[in-house]
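Student: Next comes structure37.csv, CSV, C-alpha atoms and all ligand atoms:
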chain,number,residue,atom,x,y,z
A,223,MET,CA,97.0,87.3,101.0
A,224,ALA,CA,99.6,85.0,99.6
A,225,LEU,CA,103.3,84.4,99.8
A,226,ARG,CA,105.1,85.2,96.7
A,227,ARG,CA,108.2,83.4,95.4
A,228,LEU,CA,111.4,85.3,96.0
A,229,LEU,CA,114.0,85.8,93.2
A,230,PHE,CA,117.6,85.4,94.0
A,231,ASP,CA,120.9,87.0,92.9
A,232,GLY,CA,121.7,85.7,89.4
A,233,ASP,CA,118.1,86.2,88.2
A,234,GLU,CA,118.2,88.9,85.5
A,235,THR,CA,114.9,90.4,86.6
A,236,LEU,CA,116.7,91.8,89.7
A,237,ARG,CA,119.0,93.8,87.4
A,238,LYS,CA,116.2,95.6,85.5
A,239,ARG,CA,114.8,99.0,86.3
A,240,SER,CA,111.3,99.0,87.6
A,241,LYS,CA,108.6,101.1,86.1
A,242,GLU,CA,106.5,103.8,87.8
A,243,VAL,CA,103.1,102.8,89.1
A,244,THR,CA,100.3,104.8,87.4
A,245,VAL,CA,97.3,102.7,88.3
A,246,PHE,CA,96.2,102.4,91.9
A,247,ASP,CA,93.8,99.5,91.8
A,248,ASP,CA,92.9,96.2,93.5
A,249,LYS,CA,95.8,94.6,91.8
A,250,LEU,CA,98.2,97.0,93.5
A,251,ASN,CA,96.5,96.4,96.9
A,252,ILE,CA,96.9,92.6,96.4
A,253,LEU,CA,100.6,93.1,95.5
A,254,LEU,CA,101.2,95.2,98.6
A,255,ASP,CA,99.4,92.8,100.9
A,256,ASP,CA,101.4,89.9,99.4
A,257,MET,CA,104.7,91.7,99.7
A,258,ARG,CA,104.0,92.5,103.3
A,259,GLU,CA,103.2,88.8,104.0
A,260,THR,CA,106.2,87.6,102.1
A,261,MET,CA,108.5,90.1,103.9
A,262,GLU,CA,107.1,89.1,107.3
A,263,HIS,CA,107.4,85.4,106.6
A,264,ALA,CA,111.1,85.9,105.7
A,265,ASN,CA,111.7,88.1,108.7
A,266,GLY,CA,112.9,90.9,106.3
A,267,VAL,CA,113.0,94.6,107.1
A,268,GLY,CA,112.1,95.5,103.6
A,269,LEU,CA,111.0,94.1,100.2
A,270,ALA,CA,110.9,95.6,96.8
A,271,ALA,CA,108.5,94.4,94.1
A,272,PRO,CA,111.3,93.2,91.7
A,273,GLN,CA,112.4,90.7,94.3
A,274,ILE,CA,109.1,88.8,93.6
A,275,GLY,CA,109.4,89.4,89.9
A,276,ILE,CA,107.2,92.5,89.6
A,277,LEU,CA,109.1,95.3,87.8
A,278,ARG,CA,107.1,98.1,89.5
A,279,ARG,CA,108.3,100.8,91.8
A,280,VAL,CA,106.7,99.4,95.0
A,281,VAL,CA,108.5,98.9,98.3
A,282,VAL,CA,107.4,97.7,101.8
A,283,ILE,CA,109.6,98.4,104.8
A,284,ASP,CA,109.3,97.5,108.5
A,285,VAL,CA,112.1,98.5,110.7
A,286,GLY,CA,110.1,97.7,113.8
A,287,ASP,CA,107.6,100.5,113.8
A,288,GLY,CA,105.0,98.9,111.6
A,289,VAL,CA,104.8,98.5,107.8
A,290,ILE,CA,105.3,101.5,105.5
A,291,GLU,CA,104.3,101.2,101.9
A,292,LEU,CA,106.2,103.3,99.4
A,293,ILE,CA,105.0,103.6,95.8
A,294,ASN,CA,107.2,105.5,93.3
A,295,PRO,CA,109.6,106.5,96.1
A,296,VAL,CA,112.0,109.4,95.6
A,297,ILE,CA,114.8,110.0,98.2
A,298,SER,CA,115.9,113.5,99.1
A,299,ASN,CA,117.8,115.3,101.9
A,300,GLU,CA,120.4,112.7,102.3
A,301,LYS,CA,122.7,113.6,105.1
A,302,GLY,CA,125.8,112.1,106.8
A,303,CYS,CA,127.1,108.6,106.3
A,304,GLN,CA,126.7,105.3,108.2
A,305,LYS,CA,128.3,101.9,107.7
A,306,ARG,CA,126.1,99.1,108.6
A,307,LEU,CA,126.1,95.3,108.0
A,308,GLU,CA,123.4,94.5,105.4
A,309,GLY,CA,121.8,91.4,104.1
A,310,CYS,CA,119.1,90.9,101.5
A,311,LEU,CA,116.4,88.3,101.1
A,312,SER,CA,117.5,87.9,97.4
A,313,VAL,CA,121.2,87.3,98.5
A,314,PRO,CA,120.8,84.6,101.1
A,315,GLY,CA,123.8,83.7,103.3
A,316,LYS,CA,125.8,86.9,102.5
A,317,TRP,CA,126.3,90.0,104.5
A,318,GLY,CA,128.4,93.1,103.8
A,319,TYR,CA,129.2,96.6,105.0
A,320,VAL,CA,127.7,99.3,102.9
A,321,LYS,CA,128.0,103.1,103.2
A,322,ARG,CA,124.6,104.7,103.3
A,323,PRO,CA,123.2,108.1,104.3
A,324,GLU,CA,122.7,108.6,108.0
A,325,LYS,CA,119.5,110.4,107.5
A,326,LEU,CA,117.1,110.9,104.6
A,327,THR,CA,113.6,111.9,103.5
A,328,VAL,CA,111.5,109.8,101.1
A,329,LYS,CA,108.6,111.1,99.2
A,330,ALA,CA,106.2,108.5,97.7
A,331,GLN,CA,102.6,107.6,97.2
A,332,ASN,CA,100.5,105.3,99.3
A,333,ARG,CA,98.2,102.6,98.0
A,334,PHE,CA,95.5,105.2,97.4
A,335,GLY,CA,97.8,107.4,95.3
A,336,GLU,CA,98.1,110.0,98.0
A,337,GLU,CA,101.5,111.7,98.5
A,338,VAL,CA,103.3,110.6,101.7
A,339,GLU,CA,106.6,111.7,103.1
A,340,TYR,CA,108.8,110.0,105.8
A,341,SER,CA,112.1,111.2,107.3
A,342,GLY,CA,114.3,108.9,109.3
A,343,SER,CA,117.8,107.8,110.3
A,344,ASP,CA,119.7,104.7,111.2
A,345,LEU,CA,118.1,101.5,110.0
A,346,PHE,CA,115.2,103.3,108.4
A,347,ALA,CA,117.6,105.3,106.2
A,348,VAL,CA,119.5,102.1,105.3
A,349,ALA,CA,116.3,100.2,104.4
A,350,VAL,CA,114.9,102.9,102.2
A,351,SER,CA,118.2,103.3,100.4
A,352,HIS,CA,118.6,99.5,100.0
A,353,GLU,CA,115.0,99.1,98.7
A,354,VAL,CA,115.1,102.0,96.2
A,355,ASP,CA,118.3,100.5,94.8
A,356,HIS,CA,116.4,97.3,94.1
A,357,LEU,CA,114.0,99.5,91.9
A,358,ASN,CA,117.0,100.5,89.9
A,359,GLY,CA,118.4,97.0,89.5
A,360,GLU,CA,121.1,97.4,92.1
A,361,LEU,CA,121.9,95.0,94.9
A,362,PHE,CA,123.8,95.7,98.1
A,363,ILE,CA,126.6,93.4,97.0
A,364,ASP,CA,127.4,95.9,94.3
A,365,LYS,CA,128.1,98.6,96.9
A,366,ALA,CA,129.5,96.6,99.8
A,367,TYR,CA,133.1,97.5,100.6
A,368,GLU,CA,133.5,94.5,102.8
A,369,MET,CA,131.7,91.2,102.8
A,370,VAL,CA,131.6,88.8,105.8
A,371,GLU,CA,131.0,85.1,105.9
A,372,GLU,CA,128.4,85.1,108.7
A,373,GLU,CA,126.0,87.6,110.2
A,374,GLN,CA,127.6,89.4,113.1
A,375,GLU,CA,126.2,91.7,115.7
A,401,CO,CO,117.4,93.6,99.3
Translate the structure of the given file into structure tokens.
Tutor:
Amino acid sequence: MALRRLLFDGDETLRKRSKEVTVFDDKLNILLDDMRETMEHANGVGLAAPQIGILRRVVVIDVGDGVIELINPVISNEKGCQKRLEGCLSVPGKWGYVKRPEKLTVKAQNRFGEEVEYSGSDLFAVAVSHEVDHLNGELFIDKAYEMVEEEQE
């Protein structure tokens, strides 16, 4: 495994739409392993492939229950609304309040190409929504209705 270099806001790659994954091979396994290591090293709760310059629909998330790998994720069953302070590894030093669904379901594929489905609420729902936005070239600062200077509890 290897750490990958993170891209930061201002890099146009972060603004592009990522492409579907169609080949489930060793290269994808290496990408997922590296994304996991890079996320953990940066103490992130999620990382999307475009954040390391790979325009593919690949996401890793860890909200404290272990790492989940989502390939070609599609969100459904969004319910409710929560407002939570968010940050992003690609937008260092900034935090903002964003409206996200309280609950959602995400269907995706795992690294073997098998269909997987997860449902969750709270931080999980925020993380999935935030990371899928990355795959569409969107950053949380586009959606934040209030930015704050420092991270707050
Ligand atoms: Co982010």
Student: Give the residue list for ligand CO 401 (chain A) at 7 Å, counting all atoms listed in the file, as a count of residues only, sorted by chain and then by residue number.
Tutor: 10
Student: List as a ChimeraX atom specification the residues having at least one atom at most 12 Å from position (101.8, 96.8, 92.9) as given in the file, counting all atoms listed in the file.
Tutor: /A:240-258,270-272,274-282,291-294,331-335
Student: Can you measure atom CA of Met369 of chain A to atom CA of Ala349 of chain A for me? One decimal in Å is fine.
Tutor: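 Going from atom CA of Met369 of chain A over to atom CA of Ala349 of chain A, I get 17.9 Å.
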Student: Between atom CA of Ile290 of chain A and atom CA of Cys303 of chain A, what is the spacing in Å?
Tutor: 22.9 Å
Student: Need the shell around Lys325 of chain A: protein/DNA/RNA residues with any atom at most 8 Å away, counting only C-alpha atoms. Skip same-chain ones fewer than 3 positions apart. Format as a compact mmCIF listing (two decimals) with C-alpha atoms, in the frame of the given file?
Tutor:
# COMPACT_ATOMS: atom_id res chain seq x y z
CA ASN A 299 117.80 115.30 101.90
CA GLU A 300 120.40 112.70 102.30
CA LYS A 301 122.70 113.60 105.10
CA GLY A 302 125.80 112.10 106.80
CA CYS A 303 127.10 108.60 106.30
CA SER A 341 112.10 111.20 107.30
CA GLY A 342 114.30 108.90 109.30
CA SER A 343 117.80 107.80 110.30
CA ASP A 344 119.70 104.70 111.20
CA ALA A 347 117.60 105.30 106.20
Student: Measure the distance from atom CA of Arg322 of chain A to atom CA of Arg226 of chain A in Å and round it to one decimal.
Tutor: 28.4 Å
